[in-house]
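Next comes entry.pdb, a file with PDB, C-alpha atoms.
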```
ATOM      1  CA  MET A   1      57.931 175.194 104.576
ATOM      2  CA  ARG A   2      54.944 176.737 106.336
ATOM      3  CA  VAL A   3      52.913 179.025 104.070
ATOM      4  CA  LEU A   4      50.014 181.320 104.958
ATOM      5  CA  VAL A   5      47.616 182.112 102.103
ATOM      6  CA  ILE A   6      45.660 185.318 102.745
ATOM      7  CA  GLY A   7      42.220 184.973 101.172
ATOM      8  CA  GLY A   8      42.821 181.237 101.039
ATOM      9  CA  SER A   9      39.125 180.384 100.703
ATOM     10  CA  GLY A  10      38.686 182.568  97.598
ATOM     11  CA  VAL A  11      38.763 182.000  93.826
ATOM     12  CA  VAL A  12      42.567 181.868  93.543
ATOM     13  CA  GLY A  13      43.550 181.468  97.180
ATOM     14  CA  ARG A  14      41.902 178.075  97.455
ATOM     15  CA  PRO A  15      43.673 176.420  94.482
ATOM     16  CA  THR A  16      46.921 178.043  95.623
ATOM     17  CA  ALA A  17      46.571 176.503  99.065
ATOM     18  CA  SER A  18      45.662 173.177  97.493
ATOM     19  CA  ALA A  19      48.685 173.216  95.146
ATOM     20  CA  LEU A  20      51.054 174.022  98.005
ATOM     21  CA  SER A  21      49.575 171.325 100.232
ATOM     22  CA  GLN A  22      49.862 168.727  97.460
ATOM     23  CA  ARG A  23      53.555 169.601  97.134
ATOM     24  CA  GLY A  24      54.113 168.751 100.785
ATOM     25  CA  HIS A  25      54.125 172.206 102.359
ATOM     26  CA  GLN A  26      52.417 172.991 105.649
ATOM     27  CA  VAL A  27      49.630 175.361 104.604
ATOM     28  CA  ALA A  28      47.376 177.689 106.565
ATOM     29  CA  ILE A  29      44.734 180.000 105.159
ATOM     30  CA  LEU A  30      43.324 183.223 106.541
ATOM     31  CA  SER A  31      39.891 184.641 105.763
ATOM     32  CA  ARG A  32      37.499 187.034 107.447
ATOM     33  CA  GLY A  33      35.070 184.258 108.283
ATOM     34  CA  GLY A  34      37.634 181.636 109.202
ATOM     35  CA  THR A  35      36.293 179.464 106.384
ATOM     36  CA  ALA A  36      37.862 176.033 106.064
ATOM     37  CA  GLY A  37      40.259 175.602 103.157
ATOM     38  CA  PRO A  38      41.234 172.556 101.090
ATOM     39  CA  ALA A  39      41.825 169.266 102.868
ATOM     40  CA  GLY A  40      45.029 169.244 104.878
ATOM     41  CA  THR A  41      45.154 173.005 105.484
ATOM     42  CA  GLU A  42      44.667 174.930 108.715
ATOM     43  CA  ALA A  43      42.150 177.792 108.832
ATOM     44  CA  PHE A  44      42.482 181.086 110.693
ATOM     45  CA  GLN A  45      40.047 183.956 111.045
ATOM     46  CA  GLY A  46      41.492 187.420 110.527
ATOM     47  CA  ASP A  47      41.044 190.810 108.917
ATOM     48  CA  LEU A  48      43.752 192.620 106.949
ATOM     49  CA  THR A  49      41.994 195.976 107.347
ATOM     50  CA  THR A  50      42.295 195.902 111.144
ATOM     51  CA  GLY A  51      45.102 193.401 111.709
ATOM     52  CA  ALA A  52      42.848 191.233 113.864
ATOM     53  CA  GLY A  53      44.034 187.622 113.956
ATOM     54  CA  LEU A  54      47.148 188.255 111.855
ATOM     55  CA  GLU A  55      49.774 187.761 114.561
ATOM     56  CA  LYS A  56      48.370 184.350 115.462
ATOM     57  CA  ALA A  57      48.098 183.266 111.833
ATOM     58  CA  LEU A  58      51.658 184.443 111.000
ATOM     59  CA  ALA A  59      53.347 182.581 113.845
ATOM     60  CA  GLY A  60      55.963 180.190 112.460
ATOM     61  CA  VAL A  61      55.221 181.143 108.826
ATOM     62  CA  ASP A  62      58.058 181.145 106.264
ATOM     63  CA  CYS A  63      56.130 182.660 103.340
ATOM     64  CA  VAL A  64      52.877 184.595 103.066
ATOM     65  CA  VAL A  65      50.848 184.723  99.836
ATOM     66  CA  ASP A  66      48.427 187.645  99.534
ATOM     67  CA  CYS A  67      45.363 186.782  97.428
ATOM     68  CA  ALA A  68      43.044 189.146  99.331
ATOM     69  CA  ASN A  69      40.735 191.390  97.342
ATOM     70  CA  VAL A  70      38.339 194.298  97.632
ATOM     71  CA  THR A  71      35.329 195.073  95.430
ATOM     72  CA  THR A  72      35.487 198.730  94.420
ATOM     73  CA  THR A  73      35.889 200.925  91.344
ATOM     74  CA  SER A  74      36.957 203.935  93.415
ATOM     75  CA  ARG A  75      40.593 204.874  92.906
ATOM     76  CA  SER A  76      40.977 206.369  96.378
ATOM     77  CA  ALA A  77      39.300 203.390  98.071
ATOM     78  CA  ALA A  78      41.372 200.862  96.128
ATOM     79  CA  VAL A  79      44.678 202.651  96.757
ATOM     80  CA  ARG A  80      43.875 203.065 100.442
ATOM     81  CA  TYR A  81      42.852 199.417 100.898
ATOM     82  CA  PHE A  82      45.775 197.838  99.051
ATOM     83  CA  THR A  83      48.388 200.219 100.440
ATOM     84  CA  ASP A  84      47.201 200.011 104.052
ATOM     85  CA  THR A  85      46.712 196.238 104.109
ATOM     86  CA  THR A  86      50.017 195.533 102.358
ATOM     87  CA  HIS A  87      51.910 197.786 104.756
ATOM     88  CA  ARG A  88      50.207 196.234 107.788
ATOM     89  CA  LEU A  89      50.856 192.702 106.540
ATOM     90  CA  GLY A  90      54.499 193.510 105.834
ATOM     91  CA  VAL A  91      55.143 194.953 109.287
ATOM     92  CA  LEU A  92      53.473 192.059 111.103
ATOM     93  CA  ALA A  93      55.093 189.463 108.829
ATOM     94  CA  ALA A  94      58.554 190.927 109.451
ATOM     95  CA  ALA A  95      57.952 190.867 113.196
ATOM     96  CA  ALA A  96      56.949 187.199 112.925
ATOM     97  CA  GLY A  97      60.126 186.311 111.022
ATOM     98  CA  VAL A  98      58.470 185.707 107.645
ATOM     99  CA  LYS A  99      61.099 185.536 104.869
ATOM    100  CA  HIS A 100      59.003 185.924 101.699
ATOM    101  CA  HIS A 101      55.944 188.021 100.773
ATOM    102  CA  VAL A 102      54.144 186.983  97.566
ATOM    103  CA  VAL A 103      51.555 189.267  95.949
ATOM    104  CA  LEU A 104      49.146 188.320  93.153
ATOM    105  CA  SER A 105      48.627 191.175  90.689
ATOM    106  CA  ILE A 106      47.262 191.773  87.173
ATOM    107  CA  VAL A 107      48.924 191.725  83.753
ATOM    108  CA  GLY A 108      49.132 195.260  82.347
ATOM    109  CA  VAL A 109      48.186 196.879  85.648
ATOM    110  CA  ASP A 110      50.654 199.701  85.040
ATOM    111  CA  LYS A 111      48.902 200.606  81.765
ATOM    112  CA  ILE A 112      45.274 200.653  82.981
ATOM    113  CA  PRO A 113      44.028 203.939  84.514
ATOM    114  CA  PHE A 114      40.946 202.470  86.231
ATOM    115  CA  GLY A 115      40.640 202.882  89.990
ATOM    116  CA  TYR A 116      40.978 199.227  91.001
ATOM    117  CA  HIS A 117      44.058 198.717  88.846
ATOM    118  CA  VAL A 118      45.701 201.850  90.233
ATOM    119  CA  GLY A 119      45.164 200.315  93.664
ATOM    120  CA  LYS A 120      46.804 197.033  92.624
ATOM    121  CA  LEU A 121      49.805 198.912  91.249
ATOM    122  CA  ALA A 122      50.092 200.726  94.575
ATOM    123  CA  GLN A 123      50.020 197.325  96.267
ATOM    124  CA  GLU A 124      52.929 196.108  94.154
ATOM    125  CA  GLN A 125      54.970 199.175  95.060
ATOM    126  CA  ALA A 126      54.149 198.834  98.765
ATOM    127  CA  ALA A 127      55.150 195.169  98.812
ATOM    128  CA  LEU A 128      58.440 195.714  96.985
ATOM    129  CA  ALA A 129      59.301 198.584  99.333
ATOM    130  CA  GLY A 130      58.219 196.653 102.419
ATOM    131  CA  PRO A 131      60.307 195.027 105.161
ATOM    132  CA  VAL A 132      59.911 191.459 103.828
ATOM    133  CA  PRO A 133      61.552 190.415 100.514
ATOM    134  CA  ALA A 134      58.723 190.233  97.990
ATOM    135  CA  THR A 135      57.724 188.627  94.718
ATOM    136  CA  ILE A 136      55.016 190.014  92.423
ATOM    137  CA  LEU A 137      53.213 187.634  90.064
ATOM    138  CA  ARG A 138      50.942 189.252  87.474
ATOM    139  CA  ALA A 139      48.220 187.095  85.915
ATOM    140  CA  THR A 140      45.454 187.709  83.404
ATOM    141  CA  GLN A 141      41.829 187.715  84.574
ATOM    142  CA  PHE A 142      40.314 184.440  85.749
ATOM    143  CA  HIS A 143      37.489 182.602  83.990
ATOM    144  CA  GLU A 144      35.276 183.464  86.969
ATOM    145  CA  PHE A 145      35.667 187.191  86.176
ATOM    146  CA  ALA A 146      32.815 187.122  83.641
ATOM    147  CA  GLY A 147      30.287 185.876  86.196
ATOM    148  CA  GLN A 148      31.549 188.289  88.850
ATOM    149  CA  THR A 149      31.152 191.234  86.472
ATOM    150  CA  MET A 150      27.625 190.145  85.517
ATOM    151  CA  ASN A 151      26.599 189.979  89.173
ATOM    152  CA  GLN A 152      28.140 193.342  90.032
ATOM    153  CA  MET A 153      26.486 195.086  87.080
ATOM    154  CA  LYS A 154      23.038 193.559  87.571
ATOM    155  CA  PHE A 155      19.959 195.778  87.548
ATOM    156  CA  GLY A 156      16.815 193.752  88.123
ATOM    157  CA  ARG A 157      16.606 191.097  85.410
ATOM    158  CA  PHE A 158      19.345 192.731  83.340
ATOM    159  CA  SER A 159      23.115 193.079  83.522
ATOM    160  CA  VAL A 160      25.230 195.776  81.913
ATOM    161  CA  VAL A 161      28.009 194.058  79.991
ATOM    162  CA  PRO A 162      31.121 196.226  79.518
ATOM    163  CA  GLN A 163      32.839 196.162  76.135
ATOM    164  CA  MET A 164      36.318 194.768  76.694
ATOM    165  CA  VAL A 165      38.827 192.211  75.457
ATOM    166  CA  THR A 166      40.073 189.627  77.944
ATOM    167  CA  GLN A 167      42.345 186.596  77.830
ATOM    168  CA  PRO A 168      41.157 184.585  80.849
ATOM    169  CA  ILE A 169      43.125 181.931  82.668
ATOM    170  CA  ALA A 170      42.056 179.082  84.931
ATOM    171  CA  ALA A 171      42.348 179.910  88.614
ATOM    172  CA  ALA A 172      43.996 176.515  89.174
ATOM    173  CA  GLU A 173      46.775 177.469  86.737
ATOM    174  CA  VAL A 174      47.381 180.706  88.647
ATOM    175  CA  GLY A 175      47.443 178.737  91.888
ATOM    176  CA  ALA A 176      50.138 176.437  90.466
ATOM    177  CA  ALA A 177      52.156 179.465  89.307
ATOM    178  CA  LEU A 178      51.930 181.004  92.782
ATOM    179  CA  ALA A 179      53.134 177.728  94.293
ATOM    180  CA  ASP A 180      56.131 177.868  91.933
ATOM    181  CA  VAL A 181      56.880 181.418  93.088
ATOM    182  CA  VAL A 182      56.723 180.384  96.743
ATOM    183  CA  GLU A 183      59.244 177.609  96.152
ATOM    184  CA  ASP A 184      61.572 179.820  94.080
ATOM    185  CA  GLY A 185      62.013 182.405  96.854
ATOM    186  CA  PRO A 186      61.960 186.232  96.631
ATOM    187  CA  ARG A 187      62.611 187.512  93.092
ATOM    188  CA  GLY A 188      60.867 190.887  92.754
ATOM    189  CA  ARG A 189      58.539 191.002  89.760
ATOM    190  CA  VAL A 190      58.583 187.683  87.875
ATOM    191  CA  ALA A 191      57.361 186.532  84.463
ATOM    192  CA  GLU A 192      53.687 187.203  83.882
ATOM    193  CA  THR A 193      51.147 184.385  83.822
ATOM    194  CA  TRP A 194      49.207 183.991  80.569
ATOM    195  CA  PRO A 195      46.796 181.189  79.626
ATOM    196  CA  THR A 196      48.446 177.903  78.554
ATOM    197  CA  CYS A 197      51.976 179.126  79.318
ATOM    198  CA  ARG A 198      53.148 179.966  82.831
ATOM    199  CA  ALA A 199      56.789 180.418  81.871
ATOM    200  CA  ARG A 200      56.435 183.119  79.210
ATOM    201  CA  SER A 201      58.790 186.080  79.516
ATOM    202  CA  SER A 202      57.372 189.212  81.129
ATOM    203  CA  SER A 203      58.484 191.173  78.055
ATOM    204  CA  SER A 204      56.405 189.056  75.668
ATOM    205  CA  ARG A 205      52.798 189.601  74.703
ATOM    206  CA  PRO A 206      50.279 187.298  72.999
ATOM    207  CA  SER A 207      49.785 188.019  69.306
TER     208      SER A 207
END
```
Just dump the structure as structure tokens.
Amino acid sequence: MRVLVIGGSGVVGRPTASALSQRGHQVAILSRGGTAGPAGTEAFQGDLTTGAGLEKALAGVDCVVDCANVTTTSRSAAVRYFTDTTHRLGVLAAAAGVKHHVVLSIVGVDKIPFGYHVGKLAQEQAALAGPVPATILRATQFHEFAGQTMNQMKFGRFSVVPQMVTQPIAAAEVGAALADVVEDGPRGRVAETWPTCRARSSSSRPS
């Protein structure tokens, strides 16, 4: 099938595109800069916030995987970004004949009151209520999250390190799980993705 990976040059989008391509799918990626993706994939330039380039990138696509992201801690900004972009993508994807909309989300997002997570939960709801049958895959934070947080919280030579407990997962493992979801077809919210076990029940939690 032909799959479009939104944010396909990013931390998780790139290994997702690579996993799909290795499985024999025709893969295209979309990014704001039109950055080339893994070998064997086609690159498109587009912007979810305006819709620019989306119609061209969605032409002939069977499934779209949304790995796009925004850097903000503002609840209103996060909700607005994820709701608006998910709605816009759904409308354009339906018009293009796309049959499956996959969204990458976060484990426990419905229990975390922080602004970004509230935005991701709004994205899940928008996708499931959208015009294209959707699947939501929740994953734990990626290994790269530590470095991203350090850079975002840097003040001169110092970084403010938040006190938190994480259970990181390799981005490549998330990419493989997303490829599984694409091949399985629309299923709503599926089992969550924890480190070392992609098939664990969504009702289970690590001890």
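When the PyMOL selection byres ((chain A and resi 92) around 10) is evaluated on the file shown here, the picked residues come out as Gly51, Leu54, Glu55, Leu58, Ala59, His87, Arg88, Leu89, Gly90, Val91, Ala93, Ala94, Ala95, Ala96, Gly97, Val98, Pro131 and Val132 of chain A.
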Enumerate, as JSON, numbers by chain, the residues matched when the PyMOL selection byres ((chain A and resi 129) around 12) is run on the file above. {"A": [83, 86, 87, 90, 91, 101, 122, 123, 124, 125, 126, 127, 128, 130, 131, 132, 133, 134, 135, 136, 188]}
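The smallest atom-to-atom distance between A:Met1 and any of A:Arg14, A:Arg75, A:Arg80, A:His100, using only C-alpha atoms, is found for A:His100.
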Have a look at atom CA of A:Tyr116 and atom CA of A:Ala28 and let me know their distance in Å, one decimal. 27.3 Å
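Note that the spacing between atom CA of A:Leu178 and atom CA of A:Ala78 amounts to 22.7 Å.
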Between atom CA of A:Ala176 and atom CA of A:Ile112, distance in Å (one decimal): 25.8 Å
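The nearest approach to A:Leu30 among the residues A:Leu104, A:Ala177, A:Cys63, A:Ile6, with all atoms listed in the file taken into account, belongs to A:Ile6.
Remark: for A:Thr85, the closest of the candidate residues A:Gly108, A:Gly119, A:Gly60, A:Pro113 is A:Gly119 (distances computed over only C-alpha atoms).
The shortest atom-to-atom distance to A:Ser18, with only C-alpha atoms taken into account, belongs to A:Val174 out of A:Val160, A:Ala68, A:Val174, A:Ala191.
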May I have the residues within 12 Å of A:Gln45 as a PDB file with C-alpha atoms, in the frame of the given file, using all atoms listed in the file and disregarding those fewer than 6 positions away in the same chain?
```pdb
ATOM      1  CA  LEU A   4      50.014 181.320 104.958  1.00  0.00           C
ATOM      2  CA  VAL A   5      47.616 182.112 102.103  1.00  0.00           C
ATOM      3  CA  ILE A   6      45.660 185.318 102.745  1.00  0.00           C
ATOM      4  CA  GLY A   7      42.220 184.973 101.172  1.00  0.00           C
ATOM      5  CA  GLY A   8      42.821 181.237 101.039  1.00  0.00           C
ATOM      6  CA  SER A   9      39.125 180.384 100.703  1.00  0.00           C
ATOM      7  CA  ALA A  28      47.376 177.689 106.565  1.00  0.00           C
ATOM      8  CA  ILE A  29      44.734 180.000 105.159  1.00  0.00           C
ATOM      9  CA  LEU A  30      43.324 183.223 106.541  1.00  0.00           C
ATOM     10  CA  SER A  31      39.891 184.641 105.763  1.00  0.00           C
ATOM     11  CA  ARG A  32      37.499 187.034 107.447  1.00  0.00           C
ATOM     12  CA  GLY A  33      35.070 184.258 108.283  1.00  0.00           C
ATOM     13  CA  GLY A  34      37.634 181.636 109.202  1.00  0.00           C
ATOM     14  CA  THR A  35      36.293 179.464 106.384  1.00  0.00           C
ATOM     15  CA  ALA A  36      37.862 176.033 106.064  1.00  0.00           C
ATOM     16  CA  GLY A  37      40.259 175.602 103.157  1.00  0.00           C
ATOM     17  CA  GLY A  51      45.102 193.401 111.709  1.00  0.00           C
ATOM     18  CA  ALA A  52      42.848 191.233 113.864  1.00  0.00           C
ATOM     19  CA  GLY A  53      44.034 187.622 113.956  1.00  0.00           C
ATOM     20  CA  LEU A  54      47.148 188.255 111.855  1.00  0.00           C
ATOM     21  CA  GLU A  55      49.774 187.761 114.561  1.00  0.00           C
ATOM     22  CA  LYS A  56      48.370 184.350 115.462  1.00  0.00           C
ATOM     23  CA  ALA A  57      48.098 183.266 111.833  1.00  0.00           C
ATOM     24  CA  LEU A  58      51.658 184.443 111.000  1.00  0.00           C
TER      25      LEU A  58
END
```
What lies within 7 Å of A:Val12 using all atoms listed in the file, ignoring chain neighbours under 6 positions off, as a PyMOL selection string? chain A and resi 67+171+174-175
Keeping only C-alpha atoms, take the residues you just selected and write them out as a PDB file, in the frame of the given file.
```
ATOM      1  CA  CYS A  67      45.363 186.782  97.428  1.00  0.00           C
ATOM      2  CA  ALA A 171      42.348 179.910  88.614  1.00  0.00           C
ATOM      3  CA  VAL A 174      47.381 180.706  88.647  1.00  0.00           C
ATOM      4  CA  GLY A 175      47.443 178.737  91.888  1.00  0.00           C
TER       5      GLY A 175
END
```
So which residues fall inside 12 Å of (56.8, 178.4, 97.0) if we count all atoms listed in the file? Mind giving them as a PyMOL selection string? chain A and resi 1-5+16-17+19-27+62-65+99-102+135+175-187
Please write out, as JSON, where the centre of an axis-aligned box around all listed atoms of stretch 46-51 of chain A lies and how long its edges are, in Å to one decimal, after adding 5 Å on each side.
```
{"center_x": 43.1, "center_y": 191.7, "center_z": 109.3, "size_x": 14.1, "size_y": 18.6, "size_z": 14.8}
```
When you look at A:Leu121 with a cut-off of 9 Å (counting all atoms listed in the file), what residues show up, excluding the ones that are within fewer than 4 positions of it in the same chain? I need them as a list in words. Val79, Phe82, Ser105, Ile106, Val109, Asp110, Tyr116, His117, Gln125 and Ala126 of chain A
May I ask which of the residues A:Val161, A:Val107, A:Phe44, A:Thr72 is the closest one to A:Thr140, counting only C-alpha atoms? A:Val107
Selected residue, from A:Phe155, A:Thr41, A:Val61, A:Thr73, that lies nearest to A:Lys120 when counting all atoms listed in the file: A:Thr73
Please complete stretch 86-116 of chain A so it has N, CA and C atoms, and hand it over as a PDB file, in the frame of the given file.
```pdb
ATOM      1  N   THR A  86      48.697 196.062 102.707  1.00  0.00           N
ATOM      2  CA  THR A  86      50.017 195.533 102.358  1.00  0.00           C
ATOM      3  C   THR A  86      51.065 196.010 103.354  1.00  0.00           C
ATOM      4  N   HIS A  87      50.981 197.265 103.750  1.00  0.00           N
ATOM      5  CA  HIS A  87      51.910 197.786 104.756  1.00  0.00           C
ATOM      6  C   HIS A  87      51.723 197.057 106.089  1.00  0.00           C
ATOM      7  N   ARG A  88      50.486 196.898 106.511  1.00  0.00           N
ATOM      8  CA  ARG A  88      50.207 196.234 107.788  1.00  0.00           C
ATOM      9  C   ARG A  88      50.696 194.787 107.761  1.00  0.00           C
ATOM     10  N   LEU A  89      50.420 194.091 106.664  1.00  0.00           N
ATOM     11  CA  LEU A  89      50.856 192.702 106.540  1.00  0.00           C
ATOM     12  C   LEU A  89      52.371 192.605 106.554  1.00  0.00           C
ATOM     13  N   GLY A  90      53.049 193.534 105.876  1.00  0.00           N
ATOM     14  CA  GLY A  90      54.499 193.510 105.834  1.00  0.00           C
ATOM     15  C   GLY A  90      55.125 193.707 107.204  1.00  0.00           C
ATOM     16  N   VAL A  91      54.603 194.666 107.954  1.00  0.00           N
ATOM     17  CA  VAL A  91      55.143 194.953 109.287  1.00  0.00           C
ATOM     18  C   VAL A  91      54.955 193.759 110.218  1.00  0.00           C
ATOM     19  N   LEU A  92      53.757 193.193 110.221  1.00  0.00           N
ATOM     20  CA  LEU A  92      53.473 192.059 111.103  1.00  0.00           C
ATOM     21  C   LEU A  92      54.229 190.806 110.658  1.00  0.00           C
ATOM     22  N   ALA A  93      54.367 190.625 109.339  1.00  0.00           N
ATOM     23  CA  ALA A  93      55.093 189.463 108.829  1.00  0.00           C
ATOM     24  C   ALA A  93      56.574 189.552 109.202  1.00  0.00           C
ATOM     25  N   ALA A  94      57.140 190.751 109.080  1.00  0.00           N
ATOM     26  CA  ALA A  94      58.554 190.927 109.451  1.00  0.00           C
ATOM     27  C   ALA A  94      58.762 190.636 110.926  1.00  0.00           C
ATOM     28  N   ALA A  95      57.850 191.099 111.758  1.00  0.00           N
ATOM     29  CA  ALA A  95      57.952 190.867 113.196  1.00  0.00           C
ATOM     30  C   ALA A  95      57.852 189.379 113.529  1.00  0.00           C
ATOM     31  N   ALA A  96      57.126 188.635 112.694  1.00  0.00           N
ATOM     32  CA  ALA A  96      56.949 187.199 112.925  1.00  0.00           C
ATOM     33  C   ALA A  96      58.085 186.371 112.326  1.00  0.00           C
ATOM     34  N   GLY A  97      59.002 187.033 111.606  1.00  0.00           N
ATOM     35  CA  GLY A  97      60.126 186.311 111.022  1.00  0.00           C
ATOM     36  C   GLY A  97      59.856 185.724 109.653  1.00  0.00           C
ATOM     37  N   VAL A  98      58.781 186.185 108.990  1.00  0.00           N
ATOM     38  CA  VAL A  98      58.470 185.707 107.645  1.00  0.00           C
ATOM     39  C   VAL A  98      59.578 186.143 106.687  1.00  0.00           C
ATOM     40  N   LYS A  99      59.974 185.263 105.762  1.00  0.00           N
ATOM     41  CA  LYS A  99      61.099 185.536 104.869  1.00  0.00           C
ATOM     42  C   LYS A  99      60.685 185.892 103.439  1.00  0.00           C
ATOM     43  N   HIS A 100      59.414 185.720 103.100  1.00  0.00           N
ATOM     44  CA  HIS A 100      59.003 185.924 101.699  1.00  0.00           C
ATOM     45  C   HIS A 100      57.545 186.375 101.658  1.00  0.00           C
ATOM     46  N   HIS A 101      57.285 187.453 100.921  1.00  0.00           N
ATOM     47  CA  HIS A 101      55.944 188.021 100.773  1.00  0.00           C
ATOM     48  C   HIS A 101      55.576 187.965  99.292  1.00  0.00           C
ATOM     49  N   VAL A 102      54.577 187.156  98.956  1.00  0.00           N
ATOM     50  CA  VAL A 102      54.144 186.983  97.566  1.00  0.00           C
ATOM     51  C   VAL A 102      52.825 187.725  97.350  1.00  0.00           C
ATOM     52  N   VAL A 103      52.766 188.505  96.271  1.00  0.00           N
ATOM     53  CA  VAL A 103      51.555 189.267  95.949  1.00  0.00           C
ATOM     54  C   VAL A 103      51.059 188.883  94.557  1.00  0.00           C
ATOM     55  N   LEU A 104      49.777 188.588  94.447  1.00  0.00           N
ATOM     56  CA  LEU A 104      49.146 188.320  93.153  1.00  0.00           C
ATOM     57  C   LEU A 104      48.637 189.633  92.573  1.00  0.00           C
ATOM     58  N   SER A 105      49.063 189.944  91.335  1.00  0.00           N
ATOM     59  CA  SER A 105      48.627 191.175  90.689  1.00  0.00           C
ATOM     60  C   SER A 105      48.061 190.865  89.299  1.00  0.00           C
ATOM     61  N   ILE A 106      47.955 191.885  88.454  1.00  0.00           N
ATOM     62  CA  ILE A 106      47.262 191.773  87.173  1.00  0.00           C
ATOM     63  C   ILE A 106      48.175 192.169  86.022  1.00  0.00           C
ATOM     64  N   VAL A 107      48.161 191.392  84.948  1.00  0.00           N
ATOM     65  CA  VAL A 107      48.924 191.725  83.753  1.00  0.00           C
ATOM     66  C   VAL A 107      48.480 193.080  83.207  1.00  0.00           C
ATOM     67  N   GLY A 108      49.436 193.957  82.915  1.00  0.00           N
ATOM     68  CA  GLY A 108      49.132 195.260  82.347  1.00  0.00           C
ATOM     69  C   GLY A 108      48.627 196.280  83.338  1.00  0.00           C
ATOM     70  N   VAL A 109      48.760 196.004  84.630  1.00  0.00           N
ATOM     71  CA  VAL A 109      48.186 196.879  85.648  1.00  0.00           C
ATOM     72  C   VAL A 109      48.792 198.284  85.603  1.00  0.00           C
ATOM     73  N   ASP A 110      50.011 198.391  85.122  1.00  0.00           N
ATOM     74  CA  ASP A 110      50.654 199.701  85.040  1.00  0.00           C
ATOM     75  C   ASP A 110      50.236 200.500  83.810  1.00  0.00           C
ATOM     76  N   LYS A 111      49.368 199.925  82.969  1.00  0.00           N
ATOM     77  CA  LYS A 111      48.902 200.606  81.765  1.00  0.00           C
ATOM     78  C   LYS A 111      47.394 200.875  81.787  1.00  0.00           C
ATOM     79  N   ILE A 112      46.730 200.504  82.888  1.00  0.00           N
ATOM     80  CA  ILE A 112      45.274 200.653  82.981  1.00  0.00           C
ATOM     81  C   ILE A 112      44.946 201.727  84.010  1.00  0.00           C
ATOM     82  N   PRO A 113      44.252 202.808  83.612  1.00  0.00           N
ATOM     83  CA  PRO A 113      44.028 203.939  84.514  1.00  0.00           C
ATOM     84  C   PRO A 113      42.829 203.786  85.448  1.00  0.00           C
ATOM     85  N   PHE A 114      42.141 202.643  85.411  1.00  0.00           N
ATOM     86  CA  PHE A 114      40.946 202.470  86.231  1.00  0.00           C
ATOM     87  C   PHE A 114      41.309 202.372  87.713  1.00  0.00           C
ATOM     88  N   GLY A 115      40.376 202.794  88.566  1.00  0.00           N
ATOM     89  CA  GLY A 115      40.640 202.882  89.990  1.00  0.00           C
ATOM     90  C   GLY A 115      41.172 201.629  90.639  1.00  0.00           C
ATOM     91  N   TYR A 116      40.546 200.482  90.376  1.00  0.00           N
ATOM     92  CA  TYR A 116      40.978 199.227  91.001  1.00  0.00           C
ATOM     93  C   TYR A 116      42.411 198.886  90.608  1.00  0.00           C
TER      94      TYR A 116
END
```
